[in-house]
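Below: data-v9.txt (compact mmCIF, C-alpha atoms and all ligand atoms)
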# COMPACT_ATOMS: atom_id res chain seq x y z
CA MET N 171 116.22 199.44 48.27
CA ASP N 172 115.90 197.76 51.65
CA SER N 173 119.32 196.41 52.34
CA THR N 174 121.84 199.06 53.34
CA SER N 175 123.33 198.11 56.68
CA SER N 176 122.23 200.02 59.75
CA ASP N 177 124.66 202.53 61.20
CA ASP N 178 122.37 203.93 63.86
CA GLY N 179 122.51 201.12 66.43
CA ALA N 180 119.75 201.22 69.01
CA GLN N 181 118.74 204.83 68.45
CA TYR N 182 115.95 204.59 71.02
CA ASP N 183 118.43 203.90 73.85
CA LEU N 184 119.09 207.63 73.98
CA PHE N 185 115.55 208.61 74.93
CA ALA N 186 113.82 205.42 76.04
CA GLU N 187 112.54 206.78 79.36
CA ALA N 188 111.24 209.96 77.77
CA PHE N 189 109.57 207.88 75.05
CA GLU N 190 107.84 205.77 77.69
CA VAL N 191 106.45 208.82 79.51
CA HIS N 192 105.33 210.32 76.20
CA ALA N 193 103.80 207.17 74.69
CA GLU N 194 101.81 206.28 77.80
CA ASP N 195 99.49 209.22 77.22
CA SER N 196 100.28 210.86 73.87
CA ALA N 197 97.67 211.54 71.19
CA TYR N 198 99.36 209.42 68.52
CA ASN N 199 100.24 206.48 70.76
CA ALA N 200 97.55 206.22 73.43
CA TYR N 201 94.53 207.51 71.49
CA TYR N 202 95.36 206.48 67.95
CA ASP N 203 97.83 203.66 67.31
CA ARG N 204 97.35 201.42 70.35
CA PRO N 205 93.55 201.38 70.14
CA ALA N 206 93.70 200.72 66.38
CA LEU N 207 96.11 197.80 66.64
CA LEU N 208 94.44 196.28 69.68
CA ASP N 209 91.13 196.50 67.88
CA LEU N 210 92.68 194.67 64.91
CA ALA N 211 94.03 192.03 67.32
CA GLY N 212 90.52 191.21 68.56
CA ASP N 213 90.10 188.52 71.20
CA VAL N 214 93.61 187.48 72.28
CA ARG N 215 92.68 185.35 75.29
CA GLY N 216 95.01 182.35 75.44
CA LEU N 217 96.87 183.34 72.27
CA ARG N 218 100.66 183.26 72.10
CA VAL N 219 101.54 186.81 71.08
CA LEU N 220 104.92 188.20 70.08
CA ASP N 221 105.45 191.94 70.57
CA ALA N 222 108.25 192.73 68.11
CA GLY N 223 110.02 196.01 68.86
CA CYS N 224 108.08 196.25 72.10
CA GLY N 225 109.59 199.52 73.29
CA PRO N 226 108.65 200.09 76.95
CA GLY N 227 106.04 197.32 76.80
CA LEU N 228 102.82 199.33 76.55
CA TYR N 229 101.21 196.99 74.00
CA SER N 230 102.47 193.94 75.86
CA GLN N 231 100.91 195.21 79.04
CA GLU N 232 97.51 195.63 77.40
CA LEU N 233 97.79 192.26 75.67
CA VAL N 234 98.67 190.52 78.94
CA ASP N 235 95.72 192.26 80.62
CA LEU N 236 93.52 190.87 77.83
CA GLY N 237 94.70 187.32 78.55
CA ALA N 238 97.46 186.81 75.96
CA LEU N 239 100.66 184.87 76.62
CA VAL N 240 103.21 187.47 75.60
CA THR N 241 106.83 187.33 74.51
CA ALA N 242 108.33 190.76 73.85
CA PHE N 243 111.64 191.90 72.46
CA ASP N 244 113.43 195.02 71.34
CA GLU N 245 116.92 195.85 70.10
CA SER N 246 117.26 198.68 72.62
CA THR N 247 118.71 197.62 75.96
CA GLU N 248 116.99 200.54 77.65
CA MET N 249 113.61 199.67 76.17
CA VAL N 250 114.04 196.08 77.32
CA ARG N 251 114.85 197.29 80.82
CA LEU N 252 111.71 199.43 80.91
CA ALA N 253 109.50 196.68 79.46
CA SER N 254 110.88 194.20 82.01
CA LEU N 255 110.14 196.63 84.84
CA ARG N 256 106.61 197.15 83.55
CA LEU N 257 105.80 193.50 82.90
CA GLY N 258 107.71 191.66 85.63
CA ASP N 259 107.04 187.93 85.33
CA ARG N 260 103.79 188.48 83.37
CA ALA N 261 105.65 188.21 80.04
CA VAL N 262 108.95 186.99 78.63
CA VAL N 263 111.06 190.02 77.67
CA ARG N 264 114.43 189.96 75.99
CA ARG N 265 116.82 191.94 73.85
CA ALA N 266 117.00 190.95 70.19
CA SER N 267 116.98 192.55 66.78
CA LEU N 268 114.35 191.82 64.18
CA GLU N 269 117.11 191.85 61.60
CA ASP N 270 118.91 188.92 63.28
CA ASP N 271 117.78 185.30 63.14
CA LEU N 272 115.35 185.19 66.10
CA ASP N 273 116.47 181.57 66.45
CA TRP N 274 115.40 181.62 70.11
CA ILE N 275 111.77 181.59 68.88
CA GLU N 276 110.51 178.25 67.55
CA ASP N 277 109.09 177.86 64.06
CA GLY N 278 105.29 178.16 63.98
CA SER N 279 105.04 178.98 67.68
CA GLN N 280 103.18 182.34 67.67
CA ASP N 281 99.48 182.88 67.01
CA LEU N 282 99.86 186.63 66.60
CA VAL N 283 102.74 189.04 66.09
CA VAL N 284 102.30 192.74 66.84
CA MET N 285 104.88 195.14 65.38
CA ALA N 286 103.80 198.67 66.24
CA LEU N 287 105.64 201.65 64.75
CA VAL N 288 108.85 199.71 64.14
CA LEU N 289 108.93 198.72 60.45
CA SER N 290 110.01 202.07 59.02
CA HIS N 291 113.12 202.04 61.24
CA LEU N 292 114.43 198.81 59.72
CA ASP N 293 116.96 198.65 56.92
CA ASN N 294 116.45 194.94 56.29
CA ARG N 295 112.68 194.88 56.28
CA VAL N 296 112.18 191.81 54.11
CA ARG N 297 114.54 189.84 56.32
CA ALA N 298 112.70 190.98 59.47
CA LEU N 299 109.30 190.17 57.95
CA SER N 300 110.57 186.75 56.82
CA ASN N 301 111.74 186.05 60.38
CA LEU N 302 108.25 186.85 61.62
CA ALA N 303 106.67 184.67 58.92
CA ARG N 304 108.75 181.74 60.18
CA VAL N 305 107.60 182.02 63.80
CA LEU N 306 103.87 182.37 63.00
CA THR N 307 101.48 179.43 63.07
CA PRO N 308 100.03 178.63 59.60
CA ARG N 309 96.86 180.58 60.46
CA GLY N 310 98.64 183.27 62.47
CA ARG N 311 98.51 186.99 61.79
CA LEU N 312 101.09 189.76 61.75
CA LEU N 313 99.76 193.19 62.75
CA ILE N 314 101.82 196.17 61.65
CA SER N 315 101.40 199.88 62.12
CA THR N 316 103.61 202.48 60.55
CA THR N 317 103.54 206.06 59.37
CA HIS N 318 101.11 206.53 56.49
CA PRO N 319 103.09 207.14 53.26
CA THR N 320 100.87 210.12 52.49
CA SER N 321 101.70 211.65 55.84
CA ASP N 322 105.44 211.16 55.16
CA TRP N 323 105.03 212.81 51.77
CA LEU N 324 103.10 215.79 53.15
CA ARG N 325 105.54 216.26 56.02
CA LEU N 326 108.81 215.65 54.15
CA GLY N 327 107.95 217.01 50.70
CA GLY N 328 109.68 215.77 47.56
CA GLY N 329 108.07 213.09 45.43
CA TYR N 330 105.50 210.66 46.76
CA PHE N 331 107.36 207.79 45.05
CA GLU N 332 110.72 208.63 46.60
CA ILE N 333 112.46 205.81 48.51
CA SER N 334 114.98 207.13 51.01
CA LYS N 335 116.20 206.97 54.57
CA VAL N 336 115.49 210.21 56.39
CA GLU N 337 116.62 211.63 59.69
CA GLU N 338 114.17 213.80 61.58
CA THR N 339 114.22 215.62 64.88
CA TRP N 340 110.86 215.06 66.53
CA SER N 341 109.20 217.78 68.58
CA GLN N 342 110.67 216.31 71.77
CA GLY N 343 114.18 216.80 70.33
CA TRP N 344 114.69 213.09 69.59
CA ARG N 345 116.66 212.34 66.42
CA VAL N 346 115.22 209.37 64.58
CA GLN N 347 116.08 207.69 61.30
CA SER N 348 113.42 205.95 59.27
CA TRP N 349 112.52 204.99 55.72
CA ARG N 350 109.96 206.67 53.49
CA GLN N 351 108.55 204.89 50.46
CA PRO N 352 105.24 204.65 48.59
CA LEU N 353 102.47 202.31 49.67
CA GLU N 354 103.10 199.95 46.77
CA ARG N 355 106.66 199.37 48.02
CA TRP N 356 105.56 198.50 51.58
CA CYS N 357 103.07 196.05 50.09
CA ALA N 358 105.68 194.55 47.74
CA GLU N 359 107.93 193.87 50.74
CA PHE N 360 105.09 192.10 52.55
CA ALA N 361 104.63 189.86 49.51
CA GLU N 362 108.37 189.25 49.17
CA ALA N 363 108.42 187.99 52.75
CA GLY N 364 105.52 185.61 52.11
CA PHE N 365 102.53 187.61 53.38
CA VAL N 366 99.23 188.71 51.91
CA ILE N 367 97.17 191.58 53.25
CA GLN N 368 94.06 190.43 55.08
CA ARG N 369 93.00 193.94 56.16
CA LEU N 370 94.33 197.45 55.68
CA ILE N 371 93.21 200.12 58.14
CA GLU N 372 93.58 203.90 57.99
CA PRO N 373 92.82 204.53 61.67
CA ARG N 374 90.80 207.41 63.08
CA PRO N 375 91.46 208.70 66.59
CA ILE N 376 89.24 207.36 69.33
CA GLN N 377 86.66 209.80 70.70
CA GLU N 378 88.57 210.05 74.00
CA MET N 379 91.28 212.06 72.19
CA ALA N 380 88.92 214.98 71.56
CA ASP N 381 89.12 216.49 75.03
CA PRO N 382 92.87 216.31 75.82
CA TYR N 383 94.07 216.82 72.23
CA PRO N 384 91.41 218.71 70.21
CA GLU N 385 93.81 219.85 67.46
CA TYR N 386 95.24 216.39 66.82
CA PHE N 387 91.71 215.00 66.96
CA GLU N 388 90.63 217.36 64.23
CA THR N 389 93.75 216.75 62.12
CA LEU N 390 93.64 212.96 62.38
CA ASN N 391 89.98 212.88 61.42
CA ARG N 392 90.89 214.88 58.31
CA GLU N 393 94.13 213.25 57.12
CA PRO N 394 95.96 210.00 57.81
CA GLY N 395 98.85 209.82 60.27
CA PHE N 396 99.42 206.08 60.53
CA ILE N 397 98.37 203.03 58.56
CA ALA N 398 97.87 199.50 59.89
CA PHE N 399 97.86 196.07 58.28
CA SER N 400 96.76 192.61 59.26
CA LEU N 401 98.91 190.17 57.28
CA VAL N 402 98.55 186.42 56.90
CA LEU N 403 100.84 183.87 55.34
CA ALA N 404 100.37 183.30 51.61
CA GLN N 405 99.14 179.75 50.98
C1 LIG N 501 108.50 204.06 67.94
S1 LIG N 501 109.16 202.82 68.99
C2 LIG N 501 107.74 201.78 69.18
C3 LIG N 501 107.78 200.96 70.44
C4 LIG N 501 106.49 200.19 70.72
N1 LIG N 501 106.19 199.24 69.69
C5 LIG N 501 105.38 201.19 70.87
O1 LIG N 501 104.73 201.49 69.87
O2 LIG N 501 105.18 201.68 72.00
C6 LIG N 501 110.15 201.87 67.90
C7 LIG N 501 110.84 200.70 68.61
O3 LIG N 501 111.43 199.84 67.63
C8 LIG N 501 112.62 199.34 68.19
N2 LIG N 501 113.47 198.81 67.12
C9 LIG N 501 114.04 199.51 66.11
N3 LIG N 501 114.76 198.69 65.34
C10 LIG N 501 114.62 197.44 65.87
C11 LIG N 501 115.13 196.14 65.51
N4 LIG N 501 115.95 195.99 64.47
N5 LIG N 501 114.79 195.08 66.25
C12 LIG N 501 113.97 195.23 67.33
N6 LIG N 501 113.47 196.43 67.73
C13 LIG N 501 113.80 197.51 67.00
C14 LIG N 501 113.20 200.55 68.90
O4 LIG N 501 114.24 200.22 69.79
C15 LIG N 501 111.95 201.12 69.55
O5 LIG N 501 111.73 200.57 70.83
Using structure tokens, write down the structure from this file.
Ligand SMILES: C[S@@+](CC[C@H](N)C(=O)[O-])C[C@H]1O[C@@H](n2cnc3c(N)ncnc32)[C@H](O)[C@@H]1O
Amino acid sequence: MDSTSSDDGAQYDLFAEAFEVHAEDSAYNAYYDRPALLDLAGDVRGLRVLDAGCGPGLYSQELVDLGALVTAFDESTEMVRLASLRLGDRAVVRRASLEDDLDWIEDGSQDLVVMALVLSHLDNRVRALSNLARVLTPRGRLLISTTHPTSDWLRLGGGYFEISKVEETWSQGWRVQSWRQPLERWCAEFAEAGFVIQRLIEPRPIQEMADPYPEYFETLNREPGFIAFSLVLAQ
């Protein structure tokens, strides 16, 4: 079910600047997903880190600040422009699609790949994951965050086991297409691409969310919004 061709182009081009302003300080990005993934990353000093689908470069910026050697890419020209502005010469930033070959990245050259909130937007997920498997070192890790399948089911209705591409208009008015599918299907795609799950996290918001966003803080301590994985290459 993962291989219809994409007809949406770089959907984030249309609202890249607004996304950057939002994600810098939003409940779900700044107080929930970024802390969870950066915590999973651990000590990145001196590591070669690939930020796949980097958006405006918010993860890259934190990773660089923590001492990582970062290469970042995104399919959206606007996102790449914003990430380049943010990172300057502190990281390599370029435009590329996860669903293309990534032949500009050497085999086995990356210690860590971070792919935050990108996977559900991809039609060719196994291909993208296989590309990332190729560029990882043998002991490297791929960190992924995505919408929790239970959250998709509660929000979208229908059957939990449904596999479909949905279009939603987010509260900011942005129209976004993404895939919904059950947890077992996400995990099957990881395996198909050559990964095994090292850790699975159902993040909780950090305490700092409580003051600016008390309602989200309460909600996200009660029910999952996102899910995160640390994947390693199958031996
Ligand atoms: C929700 S944003 C997340 C951005 C960033 N990772 C963050 O969390 O701040 C999703 C990003 O995935 C990018 N994206 C979607 N499809 C992609 C593809 N095929 N290749 C590379 N990037 C892609 C979008 O352009 C967008 O910047």
Within 7 Å of stretch 195-197 of chain N, counting all atoms listed in the file, which residues qualify if same-chain residues fewer than 6 places away don't, as JSON, numbers by chain? {"N": [379, 383, 386]}
Per residue of chain N within 7 Å of ligand LIG 501 (chain N), record the nearest atom pair and its distance in Å to one decimal, counting all atoms listed in the file, with rows in chain order and ascending residue number, as a tab-separated table.
residue	atom	partner	partner_atom	distance
N:Ala180	CA	N:LIG501	O4	5.7
N:Gln181	CA	N:LIG501	O4	6.6
N:Tyr182	CA	N:LIG501	O4	4.9
N:Asp183	CA	N:LIG501	O4	6.9
N:Ala193	CA	N:LIG501	O2	6.3
N:Asn199	CA	N:LIG501	O1	6.8
N:Ala222	CA	N:LIG501	C12	6.3
N:Gly223	CA	N:LIG501	N6	3.7
N:Cys224	CA	N:LIG501	N1	4.3
N:Gly225	CA	N:LIG501	O5	3.4
N:Pro226	CA	N:LIG501	O2	6.3
N:Gly227	CA	N:LIG501	O2	6.5
N:Leu228	CA	N:LIG501	O2	5.6
N:Tyr229	CA	N:LIG501	O2	6.5
N:Phe243	CA	N:LIG501	C12	6.5
N:Asp244	CA	N:LIG501	N6	3.9
N:Glu245	CA	N:LIG501	C12	4.1
N:Ser246	CA	N:LIG501	O4	4.4
N:Met249	CA	N:LIG501	O5	5.7
N:Ala266	CA	N:LIG501	C12	6.0
N:Ser267	CA	N:LIG501	N5	3.4
N:Leu268	CA	N:LIG501	N5	3.9
N:Glu269	CA	N:LIG501	N4	5.2
N:Met285	CA	N:LIG501	N1	6.1
N:Ala286	CA	N:LIG501	N1	4.2
N:Leu287	CA	N:LIG501	C2	4.9
N:Val288	CA	N:LIG501	O3	4.3
N:His291	CA	N:LIG501	N3	5.5
N:Leu292	CA	N:LIG501	N3	5.6
What does the distance between atom CA of N:Glu337 and atom CA of N:Arg350 come to in Å, to one decimal place? 10.4 Å
Within 6 Å of N:Phe396, counting all atoms listed in the file, which residues qualify if same-chain residues fewer than 4 places away don't, as a PDB file with C-alpha atoms, in the coordinates of the input?
ATOM      1  CA  THR N 316     103.610 202.480  60.550  1.00  0.00           C
ATOM      2  CA  THR N 317     103.540 206.060  59.370  1.00  0.00           C
ATOM      3  CA  HIS N 318     101.110 206.530  56.490  1.00  0.00           C
TER       4      HIS N 318
END
I want to know what sits within 10 Å of N:Leu257, based on only C-alpha atoms, with residues of the same chain fewer than 3 positions away left out; could you give that as a short mmCIF file (atom, residue, chain, number, x, y, z; two decimals) with C-alpha atoms, keeping the file's coordinate frame?
data_model
loop_
_atom_site.label_atom_id
_atom_site.label_comp_id
_atom_site.auth_asym_id
_atom_site.auth_seq_id
_atom_site.Cartn_x
_atom_site.Cartn_y
_atom_site.Cartn_z
CA PRO N 226 108.65 200.09 76.95
CA GLY N 227 106.04 197.32 76.80
CA LEU N 228 102.82 199.33 76.55
CA SER N 230 102.47 193.94 75.86
CA GLN N 231 100.91 195.21 79.04
CA VAL N 234 98.67 190.52 78.94
CA VAL N 240 103.21 187.47 75.60
CA ALA N 242 108.33 190.76 73.85
CA LEU N 252 111.71 199.43 80.91
CA ALA N 253 109.50 196.68 79.46
CA SER N 254 110.88 194.20 82.01
CA ARG N 260 103.79 188.48 83.37
CA ALA N 261 105.65 188.21 80.04
CA VAL N 262 108.95 186.99 78.63
CA VAL N 263 111.06 190.02 77.67
#
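Proximity ranking of N:Ile397, N:Ala200, N:Ile371, N:Val402 relative to N:Ala303 places N:Val402 first, based on all atoms listed in the file.
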Save stretch 319-332 of chain N to a file: N, CA and C atoms, as a PDB file, in the first residue's frame.
ATOM      1  N   PRO N 319      -0.532   6.179  15.634  1.00  0.00           N
ATOM      2  CA  PRO N 319      -1.685   5.622  14.909  1.00  0.00           C
ATOM      3  C   PRO N 319      -2.993   5.725  15.693  1.00  0.00           C
ATOM      4  N   THR N 320      -2.907   5.656  17.002  1.00  0.00           N
ATOM      5  CA  THR N 320      -4.131   5.789  17.809  1.00  0.00           C
ATOM      6  C   THR N 320      -4.688   7.201  17.717  1.00  0.00           C
ATOM      7  N   SER N 321      -3.800   8.168  17.682  1.00  0.00           N
ATOM      8  CA  SER N 321      -4.229   9.556  17.557  1.00  0.00           C
ATOM      9  C   SER N 321      -4.902   9.791  16.197  1.00  0.00           C
ATOM     10  N   ASP N 322      -4.301   9.198  15.132  1.00  0.00           N
ATOM     11  CA  ASP N 322      -4.928   9.306  13.796  1.00  0.00           C
ATOM     12  C   ASP N 322      -6.329   8.711  13.826  1.00  0.00           C
ATOM     13  N   TRP N 323      -6.440   7.559  14.447  1.00  0.00           N
ATOM     14  CA  TRP N 323      -7.727   6.845  14.486  1.00  0.00           C
ATOM     15  C   TRP N 323      -8.766   7.659  15.258  1.00  0.00           C
ATOM     16  N   LEU N 324      -8.369   8.201  16.409  1.00  0.00           N
ATOM     17  CA  LEU N 324      -9.318   8.989  17.202  1.00  0.00           C
ATOM     18  C   LEU N 324      -9.746  10.253  16.463  1.00  0.00           C
ATOM     19  N   ARG N 325      -8.778  10.865  15.768  1.00  0.00           N
ATOM     20  CA  ARG N 325      -9.057  12.137  15.089  1.00  0.00           C
ATOM     21  C   ARG N 325      -9.843  11.935  13.793  1.00  0.00           C
ATOM     22  N   LEU N 326      -9.485  10.867  13.045  1.00  0.00           N
ATOM     23  CA  LEU N 326     -10.046  10.696  11.704  1.00  0.00           C
ATOM     24  C   LEU N 326     -11.242   9.753  11.682  1.00  0.00           C
ATOM     25  N   GLY N 327     -11.401   8.941  12.723  1.00  0.00           N
ATOM     26  CA  GLY N 327     -12.512   7.992  12.747  1.00  0.00           C
ATOM     27  C   GLY N 327     -12.240   6.809  11.828  1.00  0.00           C
ATOM     28  N   GLY N 328     -13.299   6.110  11.457  1.00  0.00           N
ATOM     29  CA  GLY N 328     -13.149   4.917  10.625  1.00  0.00           C
ATOM     30  C   GLY N 328     -12.527   3.800  11.423  1.00  0.00           C
ATOM     31  N   GLY N 329     -11.932   2.840  10.700  1.00  0.00           N
ATOM     32  CA  GLY N 329     -11.353   1.678  11.366  1.00  0.00           C
ATOM     33  C   GLY N 329      -9.892   1.904  11.710  1.00  0.00           C
ATOM     34  N   TYR N 330      -9.483   1.373  12.857  1.00  0.00           N
ATOM     35  CA  TYR N 330      -8.075   1.520  13.255  1.00  0.00           C
ATOM     36  C   TYR N 330      -7.148   0.921  12.197  1.00  0.00           C
ATOM     37  N   PHE N 331      -7.583  -0.177  11.544  1.00  0.00           N
ATOM     38  CA  PHE N 331      -6.701  -0.896  10.629  1.00  0.00           C
ATOM     39  C   PHE N 331      -6.709  -0.324   9.205  1.00  0.00           C
ATOM     40  N   GLU N 332      -7.457   0.738   9.005  1.00  0.00           N
ATOM     41  CA  GLU N 332      -7.540   1.346   7.675  1.00  0.00           C
ATOM     42  C   GLU N 332      -6.172   1.850   7.208  1.00  0.00           C
TER      43      GLU N 332
END
